[in-house]
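A.B. asks: Just target_10.txt, nothing more (compact mmCIF, C-alpha atoms):
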```txt
# COMPACT_ATOMS: atom_id res chain seq x y z
CA MET Q 25 6.96 44.96 -12.21
CA GLY Q 26 6.27 42.29 -9.58
CA ARG Q 27 8.41 41.27 -6.66
CA LYS Q 28 11.87 39.87 -7.34
CA ILE Q 29 13.39 37.14 -5.17
CA ARG Q 30 17.10 37.46 -4.40
CA THR Q 31 18.54 34.15 -5.61
CA GLY Q 32 21.79 32.24 -5.41
CA VAL Q 33 23.38 28.95 -6.44
CA ILE Q 34 25.38 26.56 -4.26
CA GLY Q 35 27.60 24.28 -6.33
CA CYS Q 36 29.22 25.77 -9.42
CA GLY Q 37 29.40 22.75 -11.70
CA LYS Q 38 27.59 21.92 -14.94
CA VAL Q 39 24.07 21.73 -13.50
CA GLY Q 40 24.70 24.71 -11.25
CA ASP Q 41 25.24 26.71 -14.43
CA PHE Q 42 21.73 25.75 -15.61
CA HIS Q 43 20.30 27.17 -12.41
CA ALA Q 44 22.35 30.37 -12.56
CA LYS Q 45 21.27 30.90 -16.18
CA ALA Q 46 17.62 30.40 -15.23
CA TYR Q 47 17.80 32.76 -12.27
CA LYS Q 48 19.49 35.38 -14.43
CA GLU Q 49 16.69 35.18 -17.02
CA LEU Q 50 13.57 34.88 -14.85
CA GLU Q 51 11.65 38.10 -14.22
CA SER Q 52 10.89 37.07 -10.64
CA SER Q 53 14.59 36.55 -9.84
CA GLU Q 54 17.53 38.74 -9.04
CA LEU Q 55 20.62 36.52 -9.09
CA VAL Q 56 22.98 37.95 -6.48
CA ALA Q 57 25.55 35.28 -5.59
CA VAL Q 58 27.07 31.86 -6.17
CA CYS Q 59 28.84 29.65 -3.65
CA ASN Q 60 31.31 26.78 -3.93
CA HIS Q 61 33.79 25.22 -1.52
CA ASN Q 62 36.40 25.86 -4.22
CA ILE Q 63 36.38 29.66 -4.37
CA ASP Q 64 38.07 29.73 -7.78
CA ARG Q 65 35.12 27.86 -9.32
CA ALA Q 66 32.73 30.24 -7.60
CA LYS Q 67 34.65 33.24 -8.91
CA ALA Q 68 34.56 31.89 -12.47
CA MET Q 69 30.78 31.49 -12.39
CA ALA Q 70 30.31 34.78 -10.57
CA GLU Q 71 32.24 36.60 -13.29
CA LYS Q 72 30.15 34.95 -15.98
CA TYR Q 73 26.88 36.16 -14.43
CA GLY Q 74 28.04 39.41 -12.85
CA VAL Q 75 27.37 38.41 -9.24
CA ARG Q 76 29.35 37.87 -6.03
CA ALA Q 77 31.31 34.72 -5.22
CA PHE Q 78 31.47 32.97 -1.83
CA ASP Q 79 32.87 29.82 -0.31
CA SER Q 80 30.59 30.09 2.74
CA LEU Q 81 26.79 29.77 2.71
CA ASP Q 82 26.50 31.72 5.97
CA ARG Q 83 28.49 34.66 4.61
CA MET Q 84 26.57 34.61 1.34
CA VAL Q 85 23.27 34.91 3.21
CA GLU Q 86 24.57 37.51 5.66
CA GLU Q 87 26.18 39.75 3.04
CA THR Q 88 23.68 39.51 0.16
CA GLY Q 89 20.33 38.81 1.84
CA VAL Q 90 19.70 35.95 -0.57
CA GLU Q 91 16.16 34.59 -0.17
CA ALA Q 92 16.28 31.41 -2.27
CA VAL Q 93 19.10 29.11 -3.32
CA SER Q 94 19.55 26.17 -5.63
CA ILE Q 95 21.65 23.39 -4.18
CA CYS Q 96 23.65 21.75 -6.98
CA THR Q 97 26.40 20.00 -5.03
CA PRO Q 98 27.14 16.24 -5.26
CA HIS Q 99 24.20 14.20 -4.02
CA PRO Q 100 25.44 13.15 -0.54
CA ALA Q 101 26.20 16.82 0.28
CA HIS Q 102 22.66 18.05 -0.36
CA ALA Q 103 21.36 17.62 3.17
CA ALA Q 104 24.02 19.65 4.98
CA ASP Q 105 23.57 22.68 2.73
CA ALA Q 106 19.78 22.37 2.57
CA VAL Q 107 19.33 22.12 6.33
CA ARG Q 108 21.69 25.02 6.97
CA ALA Q 109 19.95 27.18 4.36
CA ALA Q 110 16.56 26.40 5.93
CA GLU Q 111 17.89 27.32 9.36
CA LEU Q 112 18.95 30.67 7.90
CA GLY Q 113 15.41 31.19 6.57
CA VAL Q 114 16.37 30.66 2.93
CA ASN Q 115 14.05 28.83 0.52
CA ILE Q 116 15.63 25.81 -1.19
CA ALA Q 117 15.53 24.18 -4.62
CA ILE Q 118 17.53 20.94 -4.47
CA GLU Q 119 18.81 19.16 -7.55
CA LYS Q 120 17.79 15.54 -7.97
CA PRO Q 121 17.92 13.35 -6.05
CA LEU Q 122 16.79 15.11 -2.88
CA ALA Q 123 19.41 13.10 -0.98
CA VAL Q 124 20.74 9.54 -0.97
CA THR Q 125 19.42 8.30 2.40
CA ILE Q 126 16.08 8.43 4.17
CA GLU Q 127 17.78 10.07 7.15
CA ASP Q 128 19.00 12.97 5.03
CA CYS Q 129 15.63 13.32 3.29
CA ASN Q 130 13.86 13.51 6.63
CA ALA Q 131 16.36 16.06 7.90
CA ILE Q 132 15.69 18.30 4.88
CA VAL Q 133 11.90 17.98 5.05
CA ASN Q 134 11.85 18.58 8.81
CA ALA Q 135 14.15 21.61 8.56
CA ALA Q 136 11.94 23.15 5.88
CA GLU Q 137 8.80 22.60 7.97
CA ARG Q 138 10.41 23.85 11.16
CA ASN Q 139 11.63 27.05 9.54
CA HIS Q 140 8.54 27.66 7.37
CA ILE Q 141 10.43 27.91 4.09
CA VAL Q 142 9.47 26.73 0.59
CA GLY Q 143 11.36 23.73 -0.77
CA THR Q 144 11.36 21.84 -4.05
CA THR Q 145 13.24 18.95 -5.61
CA ILE Q 146 14.24 19.39 -9.23
CA SER Q 147 12.18 17.01 -11.33
CA GLN Q 148 11.90 18.95 -14.56
CA ARG Q 149 10.39 16.07 -16.52
CA ARG Q 150 7.12 16.70 -14.66
CA PHE Q 151 6.92 19.93 -16.66
CA TYR Q 152 7.11 18.19 -20.05
CA GLU Q 153 3.91 18.61 -22.06
CA PRO Q 154 3.59 14.83 -22.68
CA THR Q 155 3.90 14.24 -18.93
CA ILE Q 156 1.28 16.87 -18.13
CA ARG Q 157 -1.12 15.25 -20.65
CA MET Q 158 -0.74 11.93 -18.85
CA GLN Q 159 -1.30 13.44 -15.42
CA GLU Q 160 -4.43 15.24 -16.63
CA ALA Q 161 -5.81 12.08 -18.25
CA ILE Q 162 -5.29 10.09 -15.04
CA ARG Q 163 -6.91 12.78 -12.89
CA ALA Q 164 -9.88 12.91 -15.26
CA GLY Q 165 -10.39 9.15 -14.92
CA LYS Q 166 -9.87 8.54 -18.64
CA ILE Q 167 -8.02 5.26 -18.04
CA GLY Q 168 -10.14 4.21 -15.09
CA LYS Q 169 -7.78 3.52 -12.23
CA PRO Q 170 -4.05 3.07 -12.91
CA ILE Q 171 -3.39 -0.63 -12.36
CA LEU Q 172 0.04 -1.16 -13.97
CA GLY Q 173 2.93 1.26 -14.34
CA THR Q 174 6.24 0.52 -16.04
CA VAL Q 175 9.60 2.27 -16.26
CA THR Q 176 12.24 1.34 -18.81
CA MET Q 177 15.40 3.45 -18.89
CA LEU Q 178 18.26 2.00 -20.92
CA GLY Q 179 21.41 3.86 -21.81
CA TRP Q 180 25.17 3.75 -21.90
CA ARG Q 181 27.79 5.41 -19.76
CA ASP Q 182 31.39 4.52 -20.56
CA MET Q 183 34.21 4.70 -18.04
CA ALA Q 184 35.28 8.07 -19.47
CA TYR Q 185 31.94 9.44 -18.26
CA TYR Q 186 32.58 8.19 -14.74
CA GLY Q 187 36.06 9.71 -14.87
CA SER Q 188 34.80 13.11 -16.05
CA ASP Q 189 34.13 14.29 -12.47
CA PRO Q 190 35.81 12.91 -9.34
CA TRP Q 191 32.50 12.23 -7.57
CA ARG Q 192 30.96 10.08 -10.31
CA GLY Q 193 30.62 6.34 -9.82
CA THR Q 194 31.48 6.32 -6.12
CA TRP Q 195 29.20 5.35 -3.23
CA GLN Q 196 30.41 8.07 -0.90
CA ARG Q 197 30.37 10.99 -3.37
CA GLU Q 198 27.57 10.06 -5.81
CA GLY Q 199 25.51 7.81 -3.56
CA GLY Q 200 24.71 5.26 -6.24
CA GLY Q 201 24.62 4.61 -9.95
CA VAL Q 202 21.82 4.40 -12.48
CA LEU Q 203 19.09 4.40 -9.81
CA VAL Q 204 20.37 7.54 -8.11
CA ASN Q 205 21.62 9.67 -10.98
CA GLN Q 206 19.85 8.76 -14.23
CA ALA Q 207 16.66 6.78 -13.56
CA VAL Q 208 15.49 8.85 -10.58
CA HIS Q 209 13.65 11.06 -13.11
CA GLN Q 210 11.56 8.16 -14.37
CA LEU Q 211 11.07 6.76 -10.85
CA ASP Q 212 9.65 10.12 -9.82
CA LEU Q 213 7.22 10.15 -12.75
CA LEU Q 214 6.08 6.61 -11.98
CA LEU Q 215 5.23 7.66 -8.42
CA ALA Q 216 3.50 10.83 -9.64
CA PHE Q 217 1.25 8.68 -11.83
CA MET Q 218 0.72 5.68 -9.55
CA GLY Q 219 0.68 7.08 -6.01
CA GLU Q 220 2.13 5.83 -2.72
CA MET Q 221 4.05 2.57 -2.50
CA ASP Q 222 3.29 -0.38 -0.23
CA GLU Q 223 6.30 -2.61 -0.92
CA VAL Q 224 9.12 -3.23 -3.38
CA TYR Q 225 11.26 -6.20 -4.32
CA GLY Q 226 14.40 -5.28 -6.22
CA MET Q 227 17.91 -6.23 -7.19
CA TRP Q 228 20.92 -4.60 -8.82
CA ASP Q 229 24.34 -5.42 -10.22
CA THR Q 230 27.27 -4.02 -12.19
CA PHE Q 231 27.72 -5.78 -15.53
CA ASN Q 232 29.61 -3.68 -18.08
CA HIS Q 233 31.81 -1.45 -15.94
CA PRO Q 234 34.58 -3.51 -14.29
CA GLY Q 235 35.89 -1.88 -11.15
CA LEU Q 236 33.00 0.57 -10.86
CA GLU Q 237 31.69 0.86 -7.29
CA VAL Q 238 28.07 1.66 -8.07
CA GLU Q 239 25.35 -0.30 -9.89
CA ASP Q 240 24.89 0.02 -13.63
CA THR Q 241 21.71 -2.09 -13.77
CA ALA Q 242 18.65 -2.61 -11.56
CA ALA Q 243 15.17 -4.13 -11.69
CA ALA Q 244 12.23 -4.05 -9.29
CA VAL Q 245 8.58 -4.94 -8.81
CA ILE Q 246 6.39 -2.56 -6.80
CA ARG Q 247 3.02 -2.97 -5.11
CA PHE Q 248 1.28 0.37 -4.62
CA LYS Q 249 -1.11 1.17 -1.79
CA SER Q 250 -3.92 1.37 -4.34
CA GLY Q 251 -3.30 -2.29 -5.17
CA ALA Q 252 -1.69 -1.44 -8.51
CA ILE Q 253 1.58 -3.03 -9.64
CA GLY Q 254 4.72 -1.42 -11.04
CA ASN Q 255 7.81 -2.66 -12.83
CA VAL Q 256 11.19 -0.95 -13.15
CA VAL Q 257 14.05 -1.95 -15.49
CA VAL Q 258 16.97 0.49 -15.70
CA SER Q 259 20.54 0.24 -16.92
CA ASN Q 260 23.61 2.26 -17.85
CA SER Q 261 25.13 -0.77 -19.57
CA GLN Q 262 23.10 -0.82 -22.79
CA ASN Q 263 24.46 0.71 -25.97
CA PRO Q 264 23.75 2.46 -28.28
CA ALA Q 265 21.83 5.63 -27.47
CA LEU Q 266 19.13 6.38 -24.95
CA TYR Q 267 15.75 4.76 -24.34
CA GLY Q 268 13.50 6.09 -21.57
CA ARG Q 269 9.80 5.24 -21.24
CA VAL Q 270 7.12 5.54 -18.55
CA HIS Q 271 3.82 3.82 -19.36
CA VAL Q 272 0.59 3.55 -17.36
CA HIS Q 273 -2.18 1.04 -18.05
CA GLY Q 274 -5.68 1.51 -16.69
CA SER Q 275 -8.53 -0.57 -15.33
CA ASN Q 276 -10.68 0.20 -18.39
CA GLY Q 277 -8.05 -1.18 -20.77
CA ALA Q 278 -6.65 2.17 -21.92
CA SER Q 279 -2.92 2.80 -21.91
CA ILE Q 280 -0.91 6.02 -22.00
CA GLY Q 281 2.82 6.66 -22.10
CA VAL Q 282 5.66 9.10 -22.50
CA LYS Q 283 9.04 8.69 -24.13
CA THR Q 284 10.97 10.86 -21.68
CA ASP Q 285 14.38 10.34 -23.28
CA GLY Q 286 15.59 9.24 -26.70
CA GLY Q 287 18.29 9.75 -29.28
CA ALA Q 288 21.98 10.11 -28.52
CA MET Q 289 23.28 9.87 -24.95
CA TYR Q 290 22.94 13.13 -23.03
CA ILE Q 291 25.27 14.55 -20.38
CA ALA Q 292 24.24 17.81 -18.71
CA GLY Q 293 26.46 20.68 -19.75
CA VAL Q 294 28.40 18.51 -22.20
CA SER Q 295 26.16 17.14 -24.94
CA PRO Q 296 22.87 18.37 -26.45
CA VAL Q 297 19.42 16.84 -26.17
CA THR Q 298 18.80 15.32 -29.61
CA GLU Q 299 15.13 14.28 -29.40
CA PRO Q 300 12.14 15.81 -27.60
CA PRO Q 301 9.95 13.91 -25.15
CA VAL Q 302 6.70 12.78 -26.76
CA ASN Q 303 3.68 10.69 -25.92
CA ASP Q 304 4.40 7.32 -27.53
CA LEU Q 305 1.32 5.41 -26.35
CA TRP Q 306 -2.29 6.61 -26.14
CA THR Q 307 -5.27 4.27 -26.47
CA ILE Q 308 -7.95 6.26 -24.65
CA ARG Q 309 -11.18 5.70 -26.57
CA GLY Q 310 -11.84 8.59 -28.93
CA GLU Q 311 -8.35 10.06 -28.48
CA GLU Q 312 -6.23 7.53 -30.33
CA ASP Q 313 -5.62 9.90 -33.24
CA ARG Q 314 -4.14 12.66 -31.09
CA LEU Q 315 -0.62 11.21 -30.92
CA ALA Q 316 0.46 12.51 -34.33
CA LEU Q 317 -0.78 16.03 -33.55
CA TRP Q 318 0.83 16.10 -30.12
CA GLN Q 319 4.13 14.77 -31.44
CA LYS Q 320 4.13 17.48 -34.11
CA GLU Q 321 3.54 20.14 -31.43
CA ASP Q 322 6.28 18.72 -29.22
CA TYR Q 323 8.83 18.65 -32.06
CA GLU Q 324 7.96 22.26 -32.90
CA GLN Q 325 8.55 23.34 -29.30
CA PHE Q 326 11.81 21.36 -29.24
CA ARG Q 327 13.15 23.44 -32.11
CA LYS Q 328 12.26 26.74 -30.43
CA VAL Q 329 13.92 26.40 -27.00
CA ASP Q 330 17.22 25.42 -25.41
CA PHE Q 331 15.85 22.06 -24.34
CA ALA Q 332 18.71 21.19 -21.99
CA SER Q 333 17.87 24.09 -19.67
CA TYR Q 334 14.33 25.16 -20.59
CA PHE Q 335 12.48 22.88 -18.15
CA HIS Q 336 14.85 23.70 -15.29
CA THR Q 337 13.77 27.28 -15.90
CA CYS Q 338 10.10 26.28 -15.88
CA GLN Q 339 10.45 24.53 -12.53
CA LEU Q 340 12.48 27.32 -10.94
CA ASP Q 341 9.87 29.81 -12.15
CA ASP Q 342 7.22 27.76 -10.31
CA PHE Q 343 9.48 27.61 -7.22
CA LEU Q 344 9.83 31.39 -7.09
CA ALA Q 345 6.11 31.86 -7.73
CA ALA Q 346 5.36 29.54 -4.81
CA ILE Q 347 7.49 31.74 -2.53
CA ILE Q 348 5.78 34.92 -3.70
CA GLU Q 349 2.27 33.44 -3.57
CA GLY Q 350 2.73 31.58 -0.29
CA ARG Q 351 1.85 28.16 -1.70
CA LYS Q 352 3.48 24.79 -2.22
CA PRO Q 353 5.50 24.27 -5.41
CA ARG Q 354 4.30 21.77 -8.02
CA VAL Q 355 7.09 19.42 -6.94
CA THR Q 356 7.54 19.17 -3.19
CA LEU Q 357 10.33 17.95 -0.97
CA GLU Q 358 8.04 15.05 -0.03
CA ASP Q 359 7.90 14.09 -3.71
CA GLY Q 360 11.68 14.02 -3.74
CA ARG Q 361 11.76 11.88 -0.61
CA ALA Q 362 9.39 9.34 -2.21
CA ALA Q 363 11.73 8.83 -5.19
CA VAL Q 364 14.68 8.38 -2.82
CA ALA Q 365 12.65 5.89 -0.78
CA LEU Q 366 12.10 3.81 -3.91
CA PHE Q 367 15.77 3.43 -4.79
CA VAL Q 368 16.74 2.97 -1.13
CA GLY Q 369 14.08 0.25 -0.94
CA ILE Q 370 15.66 -1.52 -3.91
CA TYR Q 371 19.10 -1.43 -2.27
CA ARG Q 372 17.70 -2.76 1.01
CA SER Q 373 15.67 -5.43 -0.78
CA GLN Q 374 18.77 -6.93 -2.38
CA ARG Q 375 20.63 -6.77 0.92
CA ASP Q 376 17.82 -8.51 2.82
CA HIS Q 377 16.74 -10.73 -0.07
CA ARG Q 378 13.06 -9.97 0.51
CA PRO Q 379 10.37 -7.39 -0.26
CA VAL Q 380 10.71 -4.12 1.67
CA LYS Q 381 7.65 -2.36 3.12
CA PHE Q 382 6.96 1.38 3.08
CA PRO Q 383 7.31 3.81 4.72
CA LEU Q 384 10.98 3.08 5.30
CA GLU Q 385 12.52 3.46 8.71
CA GLU Q 386 15.77 5.35 9.14
CA GLU Q 387 18.86 3.17 9.47
CA SER Q 388 21.96 4.13 11.40
CA GLY Q 389 24.11 1.20 10.27
CA ALA Q 390 27.34 1.53 8.33
CA ASP Q 391 26.25 -0.51 5.30
CA PHE Q 392 24.66 2.48 3.48
CA ASP Q 393 21.26 0.76 3.03
CA GLY Q 394 22.95 -2.31 1.59
CA ARG Q 395 25.24 -0.46 -0.78
CA LEU Q 396 28.23 -1.23 1.48
CA PRO Q 397 29.36 -3.94 1.70
CA ARG Q 398 27.95 -5.26 -1.51
CA ARG Q 399 26.13 -8.60 -1.39
CA LYS Q 400 25.28 -10.71 -4.41
CA TYR Q 401 22.69 -13.46 -4.74
```
Do you think you could lay out the structure here as structure tokens?

C.D. replies:
Amino acid sequence: MGRKIRTGVIGCGKVGDFHAKAYKELESSELVAVCNHNIDRAKAMAEKYGVRAFDSLDRMVEETGVEAVSICTPHPAHAADAVRAAELGVNIAIEKPLAVTIEDCNAIVNAAERNHIVGTTISQRRFYEPTIRMQEAIRAGKIGKPILGTVTMLGWRDMAYYGSDPWRGTWQREGGGVLVNQAVHQLDLLLAFMGEMDEVYGMWDTFNHPGLEVEDTAAAVIRFKSGAIGNVVVSNSQNPALYGRVHVHGSNGASIGVKTDGGAMYIAGVSPVTEPPVNDLWTIRGEEDRLALWQKEDYEQFRKVDFASYFHTCQLDDFLAAIIEGRKPRVTLEDGRAAVALFVGIYRSQRDHRPVKFPLEEESGADFDGRLPRRKY
């Protein structure tokens, strides 16, 4: 039997349970502890998995020798726990998004580098088979150079959803709306396919959720450093069901795409995933007939696994392997920072009413990158 990493979870909510379940099942993991500021929640999860409960990260590390933790707290709290864990020499897997400001992202990345620990941002859709096929096709030059990338993520969240947890739908406790919580998955994939950004022009609004603080709709146009162009249209105000697509079009005229999300609306830990991700567009010469075969394979896999948690487990397995093998994980903290930079750029673009250039500078102002106070045009 190979080496086991002593693991723990910080944040004992719905997604934290996914991480605890994965760590309990993985051969390279020994789940030893969970931590939550509300000790009763920690005790409930600890009892479920047969581990120790803590309300202090420092005590958890000191008393259990935990080597790697998943940080599953509300988004604006990620940085404090991640930096402290890194300072204690603990490797970190941080739920999406990495943080909600560039300052916090930089603090996490710098702490990880300074303390020589492994860090990853959860972006489990990168582990989908349809996504991997796209990445491999791009790397092999099968579409020429990517010249146009598009994200469409349309769904519905009613006010009961925002009331289901006290942090949802608030600037200070969630950090944002559809850009930060739902569409960050697709934003991350767009960047994985298209590369570094040069500038973005974006705007956002709240249309179907009266009284909600955060945005329910956003759109943006991106220029990448390669010269390619991107387009983003995302919304939590479209009903019914769920419609998520990331498409890439190449310089040789070929197009490829993935339906990342479809079927009924999904809420982690509450509702099931009803449709698998599949490649929905593939016009590479000589490969056009592969879609039907791939979709059949993907539906077969969908029926064999617990799809809601399976790809979290895949990514955490890679995270632990990276620690053991002394390498970078497949998804890095820098990848997480890039996705945050994109949605922060959209917020700043609306505030300043102009395109925003990358890389973004840190801001120390009180307007939360343009999220507070809100300005409309």

A.B. asks: If we count all atoms listed in the file, what is near Q:Gly360 at a cut-off of 12 Å, once residues fewer than 4 positions away on the same chain are taken out, given as a VMD selection string?

C.D. replies: chain Q and resid 117 to 126 128 to 130 132 to 133 143 to 148 204 208 to 209 211 to 213 215 to 216 354 to 356 364 to 367

A.B. asks: Could you write out that same residue set with C-alpha atoms as a PDB file, in the frame of the given file?

C.D. replies:
```
ATOM      1  CA  ALA Q 117      15.530  24.180  -4.620  1.00  0.00           C
ATOM      2  CA  ILE Q 118      17.530  20.940  -4.470  1.00  0.00           C
ATOM      3  CA  GLU Q 119      18.810  19.160  -7.550  1.00  0.00           C
ATOM      4  CA  LYS Q 120      17.790  15.540  -7.970  1.00  0.00           C
ATOM      5  CA  PRO Q 121      17.920  13.350  -6.050  1.00  0.00           C
ATOM      6  CA  LEU Q 122      16.790  15.110  -2.880  1.00  0.00           C
ATOM      7  CA  ALA Q 123      19.410  13.100  -0.980  1.00  0.00           C
ATOM      8  CA  VAL Q 124      20.740   9.540  -0.970  1.00  0.00           C
ATOM      9  CA  THR Q 125      19.420   8.300   2.400  1.00  0.00           C
ATOM     10  CA  ILE Q 126      16.080   8.430   4.170  1.00  0.00           C
ATOM     11  CA  ASP Q 128      19.000  12.970   5.030  1.00  0.00           C
ATOM     12  CA  CYS Q 129      15.630  13.320   3.290  1.00  0.00           C
ATOM     13  CA  ASN Q 130      13.860  13.510   6.630  1.00  0.00           C
ATOM     14  CA  ILE Q 132      15.690  18.300   4.880  1.00  0.00           C
ATOM     15  CA  VAL Q 133      11.900  17.980   5.050  1.00  0.00           C
ATOM     16  CA  GLY Q 143      11.360  23.730  -0.770  1.00  0.00           C
ATOM     17  CA  THR Q 144      11.360  21.840  -4.050  1.00  0.00           C
ATOM     18  CA  THR Q 145      13.240  18.950  -5.610  1.00  0.00           C
ATOM     19  CA  ILE Q 146      14.240  19.390  -9.230  1.00  0.00           C
ATOM     20  CA  SER Q 147      12.180  17.010 -11.330  1.00  0.00           C
ATOM     21  CA  GLN Q 148      11.900  18.950 -14.560  1.00  0.00           C
ATOM     22  CA  VAL Q 204      20.370   7.540  -8.110  1.00  0.00           C
ATOM     23  CA  VAL Q 208      15.490   8.850 -10.580  1.00  0.00           C
ATOM     24  CA  HIS Q 209      13.650  11.060 -13.110  1.00  0.00           C
ATOM     25  CA  LEU Q 211      11.070   6.760 -10.850  1.00  0.00           C
ATOM     26  CA  ASP Q 212       9.650  10.120  -9.820  1.00  0.00           C
ATOM     27  CA  LEU Q 213       7.220  10.150 -12.750  1.00  0.00           C
ATOM     28  CA  LEU Q 215       5.230   7.660  -8.420  1.00  0.00           C
ATOM     29  CA  ALA Q 216       3.500  10.830  -9.640  1.00  0.00           C
ATOM     30  CA  ARG Q 354       4.300  21.770  -8.020  1.00  0.00           C
ATOM     31  CA  VAL Q 355       7.090  19.420  -6.940  1.00  0.00           C
ATOM     32  CA  THR Q 356       7.540  19.170  -3.190  1.00  0.00           C
ATOM     33  CA  VAL Q 364      14.680   8.380  -2.820  1.00  0.00           C
ATOM     34  CA  ALA Q 365      12.650   5.890  -0.780  1.00  0.00           C
ATOM     35  CA  LEU Q 366      12.100   3.810  -3.910  1.00  0.00           C
ATOM     36  CA  PHE Q 367      15.770   3.430  -4.790  1.00  0.00           C
TER      37      PHE Q 367
END
```

A.B. asks: Show which residues sit within 12 Å of Q:Gly74, as a list in words. Count only C-alpha atoms, and ignore same-chain residues fewer than 5 positions away.

C.D. replies: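 Within the cut-off, the hits are Ala44, Lys45, Lys48, Glu54, Leu55, Val56, Ala57, Val58, Ala66, Lys67, Ala68 and Met69 of chain Q.
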
A.B. asks: Just checking: using all atoms listed in the file, which residue out of Q:Arg269, Q:Arg76, Q:Arg361, Q:Lys381 ends up closest to Q:Thr176?

C.D. replies: Q:Arg269

A.B. asks: So how many Å separate atom CA of Q:Leu172 and atom CA of Q:Asp285, to one decimal?

C.D. replies: 20.6 Å

A.B. asks: What is the atom CA of Q:Asn62 to atom CA of Q:Ala46 distance in Å?

C.D. replies: 22.2 Å

A.B. asks: Looking at Q:Ala362, Q:Ile347, Q:Met218, Q:Ile308, which one is nearest to Q:Ile167, with distances taken over all atoms listed in the file?

C.D. replies: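 Ranked by minimum distance to Q:Ile167, first place goes to Q:Ile308.
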
A.B. asks: Which residue out of Q:Leu178, Q:Trp191, Q:Thr284, Q:Leu340 has the minimum interatomic distance to Q:Gly32 when all atoms listed in the file are used?

C.D. replies: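 Distance minimum relative to Q:Gly32 lands on Q:Leu340.
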
A.B. asks: Go through Q:Phe217, Q:Tyr152, Q:Leu344, Q:Tyr371 one by one, measure the shortest atom-to-atom distance of each to Q:Thr241 using only C-alpha atoms, and give the residue with the smallest value.

C.D. replies: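 Residue with the minimum atom-to-atom distance to Q:Thr241: Q:Tyr371.
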
A.B. asks: So that I can see what lies close to Q:Asn260, please list as a list of chain:residue names the residues with an atom at most 8 Å from it, counting only C-alpha atoms and leaving out residues fewer than 3 positions away in the same chain.

C.D. replies: Q:Leu178, Q:Gly179, Q:Trp180, Q:Arg181, Q:Val202, Q:Asp240, Q:Thr241

A.B. asks: Quick one, how far is atom CA of Q:His377 from atom CA of Q:Val272?

C.D. replies: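 These atoms are spaced 27.6 Å apart.
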
A.B. asks: Considering all atoms listed in the file, can you say which of Q:Arg83, Q:Gly254, Q:Gln196, Q:Asp222 comes closest to Q:Phe392?

C.D. replies: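 Using all atoms listed in the file, the shortest distance to Q:Phe392 belongs to Q:Gln196.
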
A.B. asks: Go through Q:Ser275, Q:Ala110, Q:Ile253, Q:Ser333 one by one, measure the shortest atom-to-atom distance of each to Q:Gly40 using only C-alpha atoms, and give the residue with the smallest value.

C.D. replies: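 So, comparing all the options, the nearest one is Q:Ser333.
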
A.B. asks: Save stretch 72-83 of chain Q of the structure in the block above to a file, with N, CA and C atoms included, as a short mmCIF file (atom, residue, chain, number, x, y, z; two decimals), in the first residue's frame.

C.D. replies:
```cif
data_model
loop_
_atom_site.label_atom_id
_atom_site.label_comp_id
_atom_site.auth_asym_id
_atom_site.auth_seq_id
_atom_site.Cartn_x
_atom_site.Cartn_y
_atom_site.Cartn_z
N LYS Q 72 -20.45 11.46 11.40
CA LYS Q 72 -20.81 10.76 10.17
C LYS Q 72 -19.62 10.00 9.59
N TYR Q 73 -18.42 10.61 9.68
CA TYR Q 73 -17.24 10.01 9.04
C TYR Q 73 -16.26 9.39 10.03
N GLY Q 74 -16.59 9.41 11.29
CA GLY Q 74 -15.74 8.77 12.28
C GLY Q 74 -14.40 9.46 12.48
N VAL Q 75 -14.42 10.81 12.52
CA VAL Q 75 -13.18 11.57 12.68
C VAL Q 75 -13.36 12.58 13.81
N ARG Q 76 -12.35 13.39 14.06
CA ARG Q 76 -12.41 14.38 15.13
C ARG Q 76 -12.96 15.71 14.61
N ALA Q 77 -13.61 16.45 15.51
CA ALA Q 77 -14.21 17.73 15.18
C ALA Q 77 -13.46 18.86 15.87
N PHE Q 78 -13.29 19.98 15.14
CA PHE Q 78 -12.59 21.14 15.69
C PHE Q 78 -13.31 22.42 15.24
N ASP Q 79 -13.12 23.48 16.04
CA ASP Q 79 -13.55 24.80 15.61
C ASP Q 79 -12.35 25.73 15.45
N SER Q 80 -11.15 25.15 15.44
CA SER Q 80 -9.91 25.91 15.29
C SER Q 80 -8.99 25.16 14.33
N LEU Q 81 -8.58 25.83 13.25
CA LEU Q 81 -7.65 25.24 12.29
C LEU Q 81 -6.32 24.94 12.96
N ASP Q 82 -5.81 25.87 13.77
CA ASP Q 82 -4.52 25.66 14.43
C ASP Q 82 -4.54 24.42 15.31
N ARG Q 83 -5.61 24.25 16.10
CA ARG Q 83 -5.68 23.08 16.97
C ARG Q 83 -5.82 21.80 16.16
#
```
